[in-house]
Structures are given as structure tokens and as C-alpha cells.
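Colleague: What follows is a single structure, and I will ask about it in a moment.
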Amino acid sequence: KTAETLLEVNNIEVIYNHVILVLKGVSLSVPKGGITALLGGNGAGKTTTLKAISNLLGSERGEVTKGSIVYRGKRIQDLDPASLVKTGVIQVMEGRHCFEHLTVEENLMTGAYTRSGKGEIEADLEMVYNYFPRLKVRRKSQAGYTSGGEQQMIAIGRALMSRPETILLDEPSMGLAPQLVEEIFGIVKSLNEEQGATFLLAEQNTNVALRFAHYGYILESGRVVMDGEAAALRENPDVKEFYLGMS
Ligand code: ATP
């Protein structure tokens, strides 16, 4: 039961534009083979936390000014995206970001850019199609013409093509109809159980996230205010009242 810890975020502080303090000492740990949820309302700091981990704050004029981020015992704070992918960590950004003018399959193949070995890459493409049969049907379509749900699938599929150990998933439910949200989370769960993929996912939809995750952290105004096993959080009166929309 005591799984190895892959990712450790220790007391990080993030400041935007040198003055806006957004994360005020966030700590969390992600065990190998788990689905860990990062919960909280709009602006709580979920995206900022994921971007701090994947070193994507620079383009937003954000900076980790305190604390450390460690993966398998190694500091990953200063790694460029390609090195991070080689370490085994990949982020699926909020809003999905497909290459609209490329086909579905070309989009998926861009995920394999750090790899060589044609046979293995083709096998992984089949694995992705196995989890997302809809993408196989639409593989020759231009990504810009696919639906929001399909674009979320493309984004996750592309991440899988880099053979990640850990996937950082930002707001997978965003803008999707409830049935599609269930479908996407169902696939995340299968990838976790069958491929051993580790997930850290940021989600405003506490309800669905706590049904699929093993463990959750709740962020409020840049601080972790509560954390625990998902089953325990689901039964917590405060979580029920403030996050699950029922008391
Ligand atoms: P959301 O669901 O809206 O993505 P979130 O929990 O992911 O919410 P963040 O996007 O991390 O929250 O934002 C946390 C806070 O940081 C917000 O108050 C936001 O306004 C602020 N913020 C985010 N990006 C920047 C930026 N580039 N410059 C200044 N402030 C920012």
C-alpha cells in the first residue's frame, strides 16, 4: 500500500510579475500508480501548480520563488520541456491545444517527437486507438474540425505517445457534456489500471474527480486547505457543503 512517491512538491511559492503572490506554500506528493486530484474553485491555483511542476510559468511571467519540486529524488525545477518529457512527466494543458491544421493522427504523432524506434511508436499509436476508438475513426480528419470531446482525447492521446510515467492533466472536464466527462475519466481510470500511468489532475468538478481519483488535495487561494483519501473527502461534511453541492 505504501507506493513509491514519484513527484514531490515541497512548500512552493509562486509569484507572477514579481508582485502577485499566487501559491503561498503548496506541498503535495504523487505516488506511483495513483490518480491524485488537485481540487478547488476558479483561481485557487490549480493550473499554476501544474505549470510550476512542468516549468511552464516562464512564458506567463511567473516564477517559483520558494520551495522545491522533486521527481524520483531529482530536482526538476529547471528542466526544459524535452528533458522533462524524458524524465517521464508530461502535461496536458487546459483548453487542449490541438494543432488544428494537422490531422488527428499527425497530432498524436507529434507526441512522439522525443522518441526513436518506429515499431514501438506504431505500437503505441495502436494502443492509443485502442483506448480512443473514436480517434481511429477520425484519424485522417483535420483536428480543427473535431469536437471538444475528441480534442480532449487527442490531447491525452498525444501525451501518451511520449510514453510518460506521470501525466499532469489540467481540467479534463472543461466544456464537456456530462456523458463525455464520464467517458474521459473512465479512460483515465483504465489507463491507470491497465498501463500503470500515474496521474495528477486538476479539476473544478470535485464530484467526478473524487469518484475516479484515489487521493485529493483541495486548494483555496494558493494554499492546500485539506487533503485525504478520495473516499474520506467525499464523506467530509465541509467538502460536501462547499464542493459537492449538497449538504
Ligand atoms: P482555473 O480553474 O481558472 O484555471 P486555477 O485554480 O487553475 O483556476 P490559476 O489559473 O492557477 O487558478 O490562477 C490562480 C491565480 O493566479 C488567479 O488569481 C489568477 O488570476 C492568477 N494568475 C494566473 N495567471 C496569471 C498571470 N499570468 N499573471 C498574473 N496572475 C495570474
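In the C-alpha cells, each chain is lettered A, B, ... as it comes, each chain's residues begin at 1, and ligands are numbered from 1 in order of appearance.
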Using only C-alpha atoms, determine which residues lie at most 10 Å from segment 207-214 of chain A, disregarding the query and same-chain residues fewer than 2 positions distant; provide the list as a PDB file with C-alpha atoms, in the first residue's frame.
Modeller:
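What ended up in out-v1.pdb:
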ATOM      1  CA  GLY A  33       0.381   4.280  -9.947  1.00  0.00           C
ATOM      2  CA  GLY A  34      -2.118   6.622  -8.335  1.00  0.00           C
ATOM      3  CA  ILE A  35      -4.677   9.132  -9.539  1.00  0.00           C
ATOM      4  CA  THR A  36      -4.220  12.258  -7.449  1.00  0.00           C
ATOM      5  CA  ALA A  37      -6.690  15.125  -7.771  1.00  0.00           C
ATOM      6  CA  LEU A  38      -5.952  18.781  -7.255  1.00  0.00           C
ATOM      7  CA  LEU A  39      -9.272  20.418  -6.455  1.00  0.00           C
ATOM      8  CA  GLU A 171      -9.216  20.369 -16.156  1.00  0.00           C
ATOM      9  CA  PRO A 172     -10.142  17.426 -18.404  1.00  0.00           C
ATOM     10  CA  SER A 173     -13.869  18.056 -17.870  1.00  0.00           C
ATOM     11  CA  PRO A 178     -21.530  15.149 -18.506  1.00  0.00           C
ATOM     12  CA  VAL A 181     -16.751  13.753 -18.859  1.00  0.00           C
ATOM     13  CA  GLU A 182     -17.636  10.266 -17.605  1.00  0.00           C
ATOM     14  CA  PHE A 185     -12.492   9.867 -16.704  1.00  0.00           C
ATOM     15  CA  GLY A 186     -13.328   6.240 -17.427  1.00  0.00           C
ATOM     16  CA  VAL A 188      -8.109   7.804 -17.408  1.00  0.00           C
ATOM     17  CA  LYS A 189      -9.019   5.089 -14.927  1.00  0.00           C
ATOM     18  CA  PHE A 199      -1.996  10.964 -12.900  1.00  0.00           C
ATOM     19  CA  LEU A 200      -2.078  14.321 -11.204  1.00  0.00           C
ATOM     20  CA  LEU A 201      -5.228  16.037 -12.381  1.00  0.00           C
ATOM     21  CA  ALA A 202      -6.538  19.494 -11.701  1.00  0.00           C
ATOM     22  CA  GLU A 203     -10.310  19.625 -11.645  1.00  0.00           C
ATOM     23  CA  GLN A 204     -13.041  22.030 -10.637  1.00  0.00           C
ATOM     24  CA  ASN A 205     -15.577  19.253 -10.940  1.00  0.00           C
ATOM     25  CA  GLY A 216      -7.266  14.578  -3.288  1.00  0.00           C
ATOM     26  CA  GLY A 228      -7.082  12.942   2.123  1.00  0.00           C
ATOM     27  CA  GLU A 229      -8.183   9.689   0.559  1.00  0.00           C
ATOM     28  CA  ALA A 230     -10.856  10.404  -2.036  1.00  0.00           C
ATOM     29  CA  ALA A 231     -13.404   8.240  -0.248  1.00  0.00           C
ATOM     30  CA  ALA A 232     -12.877  10.161   3.001  1.00  0.00           C
ATOM     31  CA  LEU A 233     -13.100  13.542   1.252  1.00  0.00           C
ATOM     32  CA  ARG A 234     -16.375  12.510  -0.358  1.00  0.00           C
ATOM     33  CA  VAL A 239     -16.349  19.047   1.246  1.00  0.00           C
ATOM     34  CA  LYS A 240     -19.977  18.053   0.793  1.00  0.00           C
ATOM     35  CA  TYR A 243     -17.569  21.407  -3.114  1.00  0.00           C
ATOM     36  CA  LEU A 244     -20.089  18.717  -3.811  1.00  0.00           C
ATOM     37  CA  GLY A 245     -23.092  20.991  -3.907  1.00  0.00           C
TER      38      GLY A 245
END
Colleague: Residues near segment 15-32 of chain A, anyone? I mean within 8 Å using only C-alpha atoms, not counting same-chain ones fewer than 4 positions away, as a list in words.
Modeller: Ala3, Glu4, Thr5, Leu6, Leu7, Glu8, Val9, Asn10, Asn11, Thr36, Gly45, Thr48, Thr49, Glu60, Arg61, Gly62, Glu63, Val64, Thr65, Lys66, Gly67, Thr198, Leu200, Tyr217, Ser221, Gly222, Arg223 and Val224 of chain A
Colleague: Determine the nearest neighbour of Gly111 of chain A from the options A:Gly157, A:Gly149, A:Pro133, A:Gly95, counting only C-alpha atoms.
Modeller: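 Checking each candidate against Gly111 of chain A, we get A:Gly157 as the closest.
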Colleague: In Å, rounded to a single decimal, give me how far atom CA of Leu125 of chain A is from atom CA of Leu108 of chain A.
Modeller: 7.6 Å
Colleague: Calculate how many Å separate atom CA of Asp238 of chain A from atom CA of Gly41 of chain A, rounding to one decimal.
Modeller: 14.2 Å
Colleague: I'd like to know which residues of segment 31-247 of chain A are helix (DSSP H, G or I) (by DSSP, run on the backbone); could you write them as a short mmCIF file (atom, residue, chain, number, x, y, z; two decimals) with N, CA and C atoms, in the first residue's frame?
Modeller:
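Output file states02.cif follows:
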data_model
loop_
_atom_site.label_atom_id
_atom_site.label_comp_id
_atom_site.auth_asym_id
_atom_site.auth_seq_id
_atom_site.Cartn_x
_atom_site.Cartn_y
_atom_site.Cartn_z
N LYS A 46 -4.74 25.91 -9.18
CA LYS A 46 -4.51 24.56 -9.69
C LYS A 46 -3.61 24.58 -10.94
N THR A 47 -3.99 25.42 -11.89
CA THR A 47 -3.20 25.50 -13.12
C THR A 47 -1.78 25.97 -12.82
N THR A 48 -1.68 26.94 -11.94
CA THR A 48 -0.35 27.45 -11.57
C THR A 48 0.51 26.34 -10.97
N THR A 49 -0.08 25.49 -10.15
CA THR A 49 0.67 24.38 -9.56
C THR A 49 1.18 23.43 -10.64
N LEU A 50 0.30 23.08 -11.58
CA LEU A 50 0.73 22.17 -12.65
C LEU A 50 1.82 22.81 -13.51
N LYS A 51 1.65 24.09 -13.81
CA LYS A 51 2.65 24.76 -14.64
C LYS A 51 3.97 24.93 -13.91
N ALA A 52 3.91 25.07 -12.60
CA ALA A 52 5.16 25.14 -11.83
C ALA A 52 5.91 23.81 -11.96
N ILE A 53 5.16 22.72 -11.87
CA ILE A 53 5.78 21.39 -11.95
C ILE A 53 6.40 21.18 -13.33
N GLY A 58 7.35 30.42 -17.05
CA GLY A 58 8.18 31.49 -17.59
C GLY A 58 7.46 32.37 -18.59
N SER A 59 6.72 31.73 -19.52
CA SER A 59 6.04 32.50 -20.55
C SER A 59 4.90 33.34 -19.97
N GLU A 60 4.54 33.07 -18.72
CA GLU A 60 3.46 33.85 -18.08
C GLU A 60 4.03 34.84 -17.08
N PRO A 81 11.22 21.58 -21.50
CA PRO A 81 10.14 20.62 -21.75
C PRO A 81 10.63 19.26 -22.26
N ALA A 82 11.59 19.25 -23.18
CA ALA A 82 12.03 17.97 -23.73
C ALA A 82 12.70 17.10 -22.66
N SER A 83 13.50 17.72 -21.79
CA SER A 83 14.15 16.95 -20.73
C SER A 83 13.12 16.43 -19.74
N LEU A 84 12.12 17.24 -19.50
CA LEU A 84 11.07 16.83 -18.58
C LEU A 84 10.34 15.60 -19.13
N VAL A 85 10.05 15.64 -20.43
CA VAL A 85 9.39 14.50 -21.06
C VAL A 85 10.28 13.26 -20.93
N LYS A 86 11.57 13.44 -21.11
CA LYS A 86 12.49 12.30 -20.97
C LYS A 86 12.52 11.78 -19.54
N THR A 87 12.31 12.67 -18.59
CA THR A 87 12.23 12.24 -17.19
C THR A 87 10.96 11.43 -16.94
N VAL A 104 -5.81 14.28 -37.09
CA VAL A 104 -5.83 13.68 -35.76
C VAL A 104 -4.55 12.84 -35.55
N GLU A 105 -4.24 12.02 -36.55
CA GLU A 105 -3.08 11.15 -36.41
C GLU A 105 -1.76 11.93 -36.35
N GLU A 106 -1.66 12.95 -37.17
CA GLU A 106 -0.45 13.79 -37.12
C GLU A 106 -0.31 14.45 -35.75
N ASN A 107 -1.41 14.88 -35.19
CA ASN A 107 -1.38 15.44 -33.84
C ASN A 107 -0.83 14.42 -32.84
N LEU A 108 -1.34 13.20 -32.93
CA LEU A 108 -0.88 12.17 -32.00
C LEU A 108 0.62 11.93 -32.17
N MET A 109 1.06 11.89 -33.43
CA MET A 109 2.47 11.62 -33.70
C MET A 109 3.40 12.71 -33.17
N THR A 110 2.90 13.94 -33.06
CA THR A 110 3.77 14.99 -32.52
C THR A 110 4.17 14.67 -31.07
N LYS A 118 10.59 3.23 -34.77
CA LYS A 118 9.34 3.30 -35.50
C LYS A 118 8.33 2.25 -35.03
N GLY A 119 8.80 1.05 -34.84
CA GLY A 119 7.91 -0.05 -34.46
C GLY A 119 7.19 0.23 -33.16
N GLU A 120 7.96 0.68 -32.18
CA GLU A 120 7.38 0.97 -30.86
C GLU A 120 6.38 2.11 -30.94
N ILE A 121 6.74 3.12 -31.73
CA ILE A 121 5.84 4.27 -31.86
C ILE A 121 4.53 3.82 -32.50
N GLU A 122 4.63 2.96 -33.52
CA GLU A 122 3.40 2.47 -34.16
C GLU A 122 2.57 1.63 -33.20
N ALA A 123 3.24 0.86 -32.39
CA ALA A 123 2.51 0.05 -31.40
C ALA A 123 1.79 0.94 -30.40
N ASP A 124 2.44 2.03 -30.02
CA ASP A 124 1.81 2.95 -29.08
C ASP A 124 0.63 3.68 -29.71
N LEU A 125 0.76 3.97 -31.00
CA LEU A 125 -0.36 4.60 -31.69
C LEU A 125 -1.57 3.66 -31.66
N GLU A 126 -1.32 2.38 -31.88
CA GLU A 126 -2.41 1.40 -31.80
C GLU A 126 -2.99 1.35 -30.39
N MET A 127 -2.10 1.44 -29.40
CA MET A 127 -2.56 1.44 -28.00
C MET A 127 -3.48 2.64 -27.75
N VAL A 128 -3.09 3.80 -28.28
CA VAL A 128 -3.92 5.00 -28.11
C VAL A 128 -5.28 4.79 -28.78
N TYR A 129 -5.26 4.24 -30.00
CA TYR A 129 -6.52 4.00 -30.72
C TYR A 129 -7.39 2.98 -30.00
N ASN A 130 -6.73 2.08 -29.31
CA ASN A 130 -7.45 1.09 -28.54
C ASN A 130 -8.25 1.74 -27.40
N TYR A 131 -7.65 2.75 -26.77
CA TYR A 131 -8.35 3.47 -25.70
C TYR A 131 -9.33 4.51 -26.25
N PRO A 133 -11.14 4.66 -29.53
CA PRO A 133 -11.51 4.15 -30.87
C PRO A 133 -12.04 5.26 -31.78
N ARG A 134 -12.66 6.25 -31.16
CA ARG A 134 -13.18 7.37 -31.95
C ARG A 134 -12.08 8.11 -32.70
N LEU A 135 -10.91 8.16 -32.11
CA LEU A 135 -9.81 8.85 -32.79
C LEU A 135 -9.33 8.05 -33.99
N LYS A 136 -9.45 6.74 -33.89
CA LYS A 136 -9.04 5.92 -35.04
C LYS A 136 -9.97 6.18 -36.22
N VAL A 137 -11.26 6.23 -35.92
CA VAL A 137 -12.25 6.52 -36.96
C VAL A 137 -11.93 7.85 -37.64
N ALA A 143 -7.79 18.13 -37.28
CA ALA A 143 -8.13 18.22 -35.85
C ALA A 143 -9.05 19.40 -35.54
N GLY A 144 -8.87 20.49 -36.30
CA GLY A 144 -9.69 21.67 -36.07
C GLY A 144 -11.19 21.43 -36.26
N TYR A 145 -11.51 20.37 -36.97
CA TYR A 145 -12.93 20.08 -37.22
C TYR A 145 -13.49 19.02 -36.29
N GLY A 148 -15.15 19.06 -29.18
CA GLY A 148 -14.41 19.34 -27.96
C GLY A 148 -13.96 18.07 -27.24
N GLY A 149 -14.84 17.09 -27.20
CA GLY A 149 -14.50 15.82 -26.55
C GLY A 149 -13.37 15.12 -27.28
N GLU A 150 -13.45 15.13 -28.62
CA GLU A 150 -12.40 14.49 -29.41
C GLU A 150 -11.08 15.22 -29.25
N GLN A 151 -11.13 16.54 -29.13
CA GLN A 151 -9.88 17.29 -28.94
C GLN A 151 -9.25 16.98 -27.58
N GLN A 152 -10.08 16.77 -26.58
CA GLN A 152 -9.53 16.36 -25.28
C GLN A 152 -8.88 14.99 -25.41
N MET A 153 -9.52 14.11 -26.17
CA MET A 153 -8.95 12.78 -26.39
C MET A 153 -7.62 12.88 -27.15
N ILE A 154 -7.57 13.76 -28.15
CA ILE A 154 -6.32 13.97 -28.90
C ILE A 154 -5.22 14.44 -27.95
N ALA A 155 -5.59 15.39 -27.08
CA ALA A 155 -4.58 15.94 -26.16
C ALA A 155 -4.02 14.86 -25.23
N ILE A 156 -4.90 14.01 -24.73
CA ILE A 156 -4.43 12.94 -23.84
C ILE A 156 -3.64 11.90 -24.66
N GLY A 157 -4.17 11.58 -25.84
CA GLY A 157 -3.51 10.61 -26.71
C GLY A 157 -2.11 11.06 -27.09
N ARG A 158 -1.98 12.33 -27.41
CA ARG A 158 -0.67 12.88 -27.78
C ARG A 158 0.30 12.76 -26.60
N ALA A 159 -0.19 13.04 -25.40
CA ALA A 159 0.66 12.89 -24.22
C ALA A 159 1.10 11.44 -24.07
N LEU A 160 0.19 10.50 -24.30
CA LEU A 160 0.54 9.08 -24.16
C LEU A 160 1.64 8.67 -25.13
N PRO A 178 -21.73 16.13 -19.58
CA PRO A 178 -21.53 15.15 -18.51
C PRO A 178 -21.18 13.74 -18.99
N GLN A 179 -21.83 13.30 -20.04
CA GLN A 179 -21.58 11.94 -20.52
C GLN A 179 -20.15 11.79 -21.03
N LEU A 180 -19.65 12.83 -21.70
CA LEU A 180 -18.28 12.80 -22.20
C LEU A 180 -17.28 12.88 -21.07
N VAL A 181 -17.62 13.66 -20.03
CA VAL A 181 -16.75 13.75 -18.86
C VAL A 181 -16.59 12.36 -18.25
N GLU A 182 -17.69 11.64 -18.12
CA GLU A 182 -17.64 10.27 -17.61
C GLU A 182 -16.74 9.40 -18.48
N GLU A 183 -16.91 9.56 -19.80
CA GLU A 183 -16.13 8.75 -20.72
C GLU A 183 -14.63 9.01 -20.57
N ILE A 184 -14.27 10.30 -20.52
CA ILE A 184 -12.86 10.67 -20.40
C ILE A 184 -12.28 10.15 -19.07
N PHE A 185 -12.99 10.35 -17.99
CA PHE A 185 -12.49 9.87 -16.70
C PHE A 185 -12.41 8.34 -16.67
N GLY A 186 -13.37 7.70 -17.34
CA GLY A 186 -13.33 6.24 -17.43
C GLY A 186 -12.06 5.77 -18.12
N ILE A 187 -11.66 6.49 -19.16
CA ILE A 187 -10.45 6.12 -19.90
C ILE A 187 -9.21 6.40 -19.05
N VAL A 188 -9.22 7.51 -18.33
CA VAL A 188 -8.11 7.80 -17.41
C VAL A 188 -7.95 6.66 -16.41
N LYS A 189 -9.07 6.19 -15.89
CA LYS A 189 -9.02 5.09 -14.93
C LYS A 189 -8.46 3.81 -15.57
N SER A 190 -8.89 3.51 -16.79
CA SER A 190 -8.36 2.32 -17.46
C SER A 190 -6.87 2.45 -17.74
N LEU A 191 -6.45 3.64 -18.15
CA LEU A 191 -5.02 3.86 -18.42
C LEU A 191 -4.22 3.67 -17.14
N ASN A 192 -4.78 4.12 -16.05
CA ASN A 192 -4.14 3.98 -14.75
C ASN A 192 -4.05 2.50 -14.37
N GLU A 193 -5.13 1.78 -14.53
CA GLU A 193 -5.16 0.38 -14.08
C GLU A 193 -4.42 -0.54 -15.02
N GLU A 194 -4.55 -0.31 -16.33
CA GLU A 194 -4.00 -1.26 -17.28
C GLU A 194 -2.59 -0.91 -17.74
N GLN A 195 -2.29 0.40 -17.84
CA GLN A 195 -0.96 0.80 -18.31
C GLN A 195 -0.08 1.26 -17.15
N THR A 206 -15.38 18.63 -8.60
CA THR A 206 -14.97 17.82 -7.45
C THR A 206 -15.69 16.48 -7.46
N ASN A 207 -16.94 16.55 -7.81
CA ASN A 207 -17.78 15.37 -7.80
C ASN A 207 -17.19 14.23 -8.63
N VAL A 208 -16.94 14.51 -9.87
CA VAL A 208 -16.42 13.45 -10.74
C VAL A 208 -14.98 13.10 -10.35
N ALA A 209 -14.18 14.11 -10.02
CA ALA A 209 -12.78 13.85 -9.70
C ALA A 209 -12.65 12.91 -8.49
N LEU A 210 -13.47 13.13 -7.48
CA LEU A 210 -13.35 12.29 -6.28
C LEU A 210 -13.94 10.90 -6.47
N ARG A 211 -14.70 10.72 -7.53
CA ARG A 211 -15.16 9.36 -7.82
C ARG A 211 -14.07 8.54 -8.50
N PHE A 212 -13.20 9.20 -9.25
CA PHE A 212 -12.19 8.47 -10.00
C PHE A 212 -10.80 8.51 -9.36
N ALA A 230 -9.67 9.91 -1.35
CA ALA A 230 -10.86 10.40 -2.04
C ALA A 230 -12.14 9.98 -1.34
N ALA A 231 -12.18 8.74 -0.89
CA ALA A 231 -13.40 8.24 -0.25
C ALA A 231 -13.71 9.03 1.02
N ALA A 232 -12.68 9.38 1.77
CA ALA A 232 -12.88 10.16 3.00
C ALA A 232 -13.31 11.59 2.67
N LEU A 233 -12.71 12.17 1.64
CA LEU A 233 -13.10 13.54 1.25
C LEU A 233 -14.55 13.59 0.80
N ARG A 234 -14.97 12.54 0.10
CA ARG A 234 -16.37 12.51 -0.36
C ARG A 234 -17.36 12.53 0.80
N GLU A 235 -16.93 11.98 1.93
CA GLU A 235 -17.82 11.90 3.09
C GLU A 235 -17.64 13.08 4.04
N PRO A 237 -18.05 16.51 5.72
CA PRO A 237 -19.16 17.46 5.68
C PRO A 237 -18.81 18.79 4.99
N ASP A 238 -17.62 19.31 5.24
CA ASP A 238 -17.22 20.57 4.59
C ASP A 238 -17.09 20.39 3.08
N VAL A 239 -16.50 19.30 2.68
CA VAL A 239 -16.35 19.05 1.25
C VAL A 239 -17.73 18.92 0.62
N LYS A 240 -18.61 18.20 1.30
CA LYS A 240 -19.98 18.05 0.79
C LYS A 240 -20.65 19.41 0.64
N GLU A 241 -20.52 20.23 1.66
CA GLU A 241 -21.21 21.50 1.64
C GLU A 241 -20.64 22.46 0.59
N PHE A 242 -19.30 22.57 0.57
CA PHE A 242 -18.70 23.61 -0.27
C PHE A 242 -18.29 23.14 -1.65
#
Colleague: What's the separation between atom CA of Tyr113 of chain A and atom CA of Ser147 of chain A, in Å to one decimal place?
Modeller: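 Atom CA of Tyr113 of chain A sits 24.8 Å away from atom CA of Ser147 of chain A.
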Colleague: Would you please extract all strand (DSSP E) residues from segment 43-174 of chain A, as assigned by DSSP on the backbone, and give them as a PyMOL selection string?
Modeller: chain A and resi 62-71+74-75+89-92+166-170
Colleague: For the residues in the current selection, export all heavy atoms as a compact mmCIF listing (two decimals), in the first residue's frame.
Modeller:
# COMPACT_ATOMS: atom_id res chain seq x y z
N GLY A 62 5.71 34.11 -14.57
CA GLY A 62 5.57 33.55 -13.23
C GLY A 62 6.87 32.87 -12.82
O GLY A 62 7.67 32.49 -13.66
N GLU A 63 7.07 32.74 -11.51
CA GLU A 63 8.34 32.21 -11.02
C GLU A 63 8.12 31.47 -9.70
O GLU A 63 7.35 31.93 -8.85
CB GLU A 63 9.26 33.40 -10.75
CG GLU A 63 10.71 33.10 -10.86
CD GLU A 63 11.56 34.32 -10.49
OE1 GLU A 63 11.01 35.46 -10.47
OE2 GLU A 63 12.73 34.12 -10.19
N VAL A 64 8.78 30.32 -9.57
CA VAL A 64 8.78 29.64 -8.28
C VAL A 64 9.84 30.32 -7.43
O VAL A 64 11.03 30.28 -7.76
CB VAL A 64 9.11 28.14 -8.44
CG1 VAL A 64 9.14 27.44 -7.08
CG2 VAL A 64 8.08 27.46 -9.34
N THR A 65 9.42 30.96 -6.35
CA THR A 65 10.37 31.76 -5.57
C THR A 65 10.77 31.09 -4.26
O THR A 65 11.63 31.60 -3.54
CB THR A 65 9.74 33.13 -5.23
OG1 THR A 65 8.43 32.93 -4.74
CG2 THR A 65 9.67 34.02 -6.47
N LYS A 66 10.14 29.97 -3.96
CA LYS A 66 10.46 29.26 -2.72
C LYS A 66 10.06 27.81 -2.90
O LYS A 66 9.17 27.50 -3.67
CB LYS A 66 9.66 29.86 -1.57
CG LYS A 66 10.36 29.90 -0.23
CD LYS A 66 9.48 30.50 0.86
CE LYS A 66 8.50 29.47 1.41
NZ LYS A 66 7.60 30.06 2.44
N GLY A 67 10.73 26.93 -2.16
CA GLY A 67 10.34 25.53 -2.17
C GLY A 67 11.01 24.75 -3.28
O GLY A 67 11.82 25.28 -4.03
N SER A 68 10.67 23.47 -3.37
CA SER A 68 11.31 22.64 -4.38
C SER A 68 10.32 21.66 -5.00
O SER A 68 9.29 21.33 -4.41
CB SER A 68 12.48 21.88 -3.76
OG SER A 68 11.99 20.97 -2.79
N ILE A 69 10.68 21.23 -6.21
CA ILE A 69 9.87 20.25 -6.93
C ILE A 69 10.81 19.12 -7.34
O ILE A 69 11.82 19.35 -8.01
CB ILE A 69 9.21 20.88 -8.17
CG1 ILE A 69 8.32 22.07 -7.73
CG2 ILE A 69 8.37 19.84 -8.91
CD1 ILE A 69 7.86 22.95 -8.88
N VAL A 70 10.47 17.93 -6.88
CA VAL A 70 11.39 16.81 -6.99
C VAL A 70 10.68 15.63 -7.63
O VAL A 70 9.55 15.31 -7.25
CB VAL A 70 11.90 16.43 -5.57
CG1 VAL A 70 12.72 15.16 -5.60
CG2 VAL A 70 12.69 17.58 -4.96
N TYR A 71 11.33 15.02 -8.63
CA TYR A 71 10.77 13.84 -9.27
C TYR A 71 11.76 12.70 -9.16
O TYR A 71 12.91 12.84 -9.56
CB TYR A 71 10.46 14.13 -10.75
CG TYR A 71 9.57 13.08 -11.37
CD1 TYR A 71 8.19 13.11 -11.21
CD2 TYR A 71 10.13 12.03 -12.09
CE1 TYR A 71 7.39 12.13 -11.76
CE2 TYR A 71 9.33 11.04 -12.65
CZ TYR A 71 7.96 11.10 -12.48
OH TYR A 71 7.16 10.12 -13.02
N LYS A 74 14.99 13.74 -7.82
CA LYS A 74 15.81 14.69 -8.55
C LYS A 74 15.04 15.99 -8.75
O LYS A 74 13.87 15.98 -9.11
CB LYS A 74 16.14 14.06 -9.92
CG LYS A 74 17.11 14.80 -10.76
CD LYS A 74 17.37 14.04 -12.07
CE LYS A 74 17.40 15.01 -13.23
NZ LYS A 74 16.84 14.53 -14.48
N ARG A 75 15.72 17.11 -8.51
CA ARG A 75 15.09 18.41 -8.74
C ARG A 75 14.76 18.60 -10.20
O ARG A 75 15.63 18.44 -11.06
CB ARG A 75 16.09 19.50 -8.36
CG ARG A 75 15.71 20.34 -7.18
CD ARG A 75 16.86 21.30 -6.92
NE ARG A 75 16.57 22.58 -7.58
CZ ARG A 75 16.04 23.63 -6.95
NH1 ARG A 75 15.77 23.54 -5.67
NH2 ARG A 75 15.81 24.75 -7.59
N VAL A 89 7.62 12.97 -17.34
CA VAL A 89 6.48 13.81 -16.94
C VAL A 89 5.97 14.58 -18.15
O VAL A 89 6.75 15.20 -18.88
CB VAL A 89 6.90 14.83 -15.86
CG1 VAL A 89 5.71 15.66 -15.42
CG2 VAL A 89 7.51 14.11 -14.66
N ILE A 90 4.66 14.56 -18.34
CA ILE A 90 4.09 15.35 -19.44
C ILE A 90 2.83 16.06 -18.96
O ILE A 90 2.08 15.52 -18.17
CB ILE A 90 3.79 14.46 -20.67
CG1 ILE A 90 3.35 15.30 -21.88
CG2 ILE A 90 2.73 13.43 -20.37
CD1 ILE A 90 4.26 15.25 -23.02
N GLN A 91 2.64 17.25 -19.44
CA GLN A 91 1.43 18.00 -19.08
C GLN A 91 0.47 18.08 -20.25
O GLN A 91 0.85 18.40 -21.37
CB GLN A 91 1.79 19.41 -18.61
CG GLN A 91 0.54 20.26 -18.45
CD GLN A 91 0.67 21.38 -17.44
OE1 GLN A 91 1.74 21.64 -16.92
NE2 GLN A 91 -0.43 22.04 -17.17
N VAL A 92 -0.80 17.80 -19.98
CA VAL A 92 -1.86 18.06 -20.93
C VAL A 92 -2.50 19.37 -20.51
O VAL A 92 -3.10 19.47 -19.45
CB VAL A 92 -2.93 16.93 -20.91
CG1 VAL A 92 -4.04 17.23 -21.92
CG2 VAL A 92 -2.29 15.58 -21.19
N THR A 166 4.21 9.82 -15.70
CA THR A 166 3.25 10.65 -14.98
C THR A 166 2.63 11.67 -15.92
O THR A 166 3.33 12.36 -16.66
CB THR A 166 3.96 11.39 -13.82
OG1 THR A 166 4.44 10.40 -12.91
CG2 THR A 166 3.00 12.32 -13.09
N ILE A 167 1.30 11.76 -15.87
CA ILE A 167 0.58 12.71 -16.72
C ILE A 167 -0.07 13.77 -15.84
O ILE A 167 -0.81 13.44 -14.91
CB ILE A 167 -0.48 11.97 -17.56
CG1 ILE A 167 0.19 10.89 -18.41
CG2 ILE A 167 -1.27 12.96 -18.44
CD1 ILE A 167 -0.78 9.97 -19.12
N LEU A 168 0.23 15.01 -16.13
CA LEU A 168 -0.42 16.14 -15.45
C LEU A 168 -1.56 16.57 -16.35
O LEU A 168 -1.34 16.97 -17.49
CB LEU A 168 0.57 17.30 -15.26
CG LEU A 168 1.94 16.96 -14.67
CD1 LEU A 168 2.82 18.21 -14.66
CD2 LEU A 168 1.81 16.38 -13.28
N LEU A 169 -2.77 16.48 -15.83
CA LEU A 169 -3.95 16.70 -16.66
C LEU A 169 -4.71 17.89 -16.11
O LEU A 169 -5.19 17.85 -14.98
CB LEU A 169 -4.77 15.42 -16.59
CG LEU A 169 -5.86 15.12 -17.59
CD1 LEU A 169 -5.37 15.27 -19.01
CD2 LEU A 169 -6.38 13.69 -17.36
N ASP A 170 -4.79 18.95 -16.93
CA ASP A 170 -5.43 20.16 -16.44
C ASP A 170 -6.88 20.24 -16.89
O ASP A 170 -7.15 20.38 -18.08
CB ASP A 170 -4.65 21.40 -16.91
CG ASP A 170 -4.98 22.63 -16.09
OD1 ASP A 170 -5.84 22.54 -15.19
OD2 ASP A 170 -4.38 23.69 -16.35
Colleague: Taking only C-alpha atoms and all ligand atoms into account, which of A:Met226, A:Gly175, A:Arg138, A:Ser162 comes nearest ligand 1?
Modeller: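 Closest to ligand 1 of all the choices is A:Gly175.
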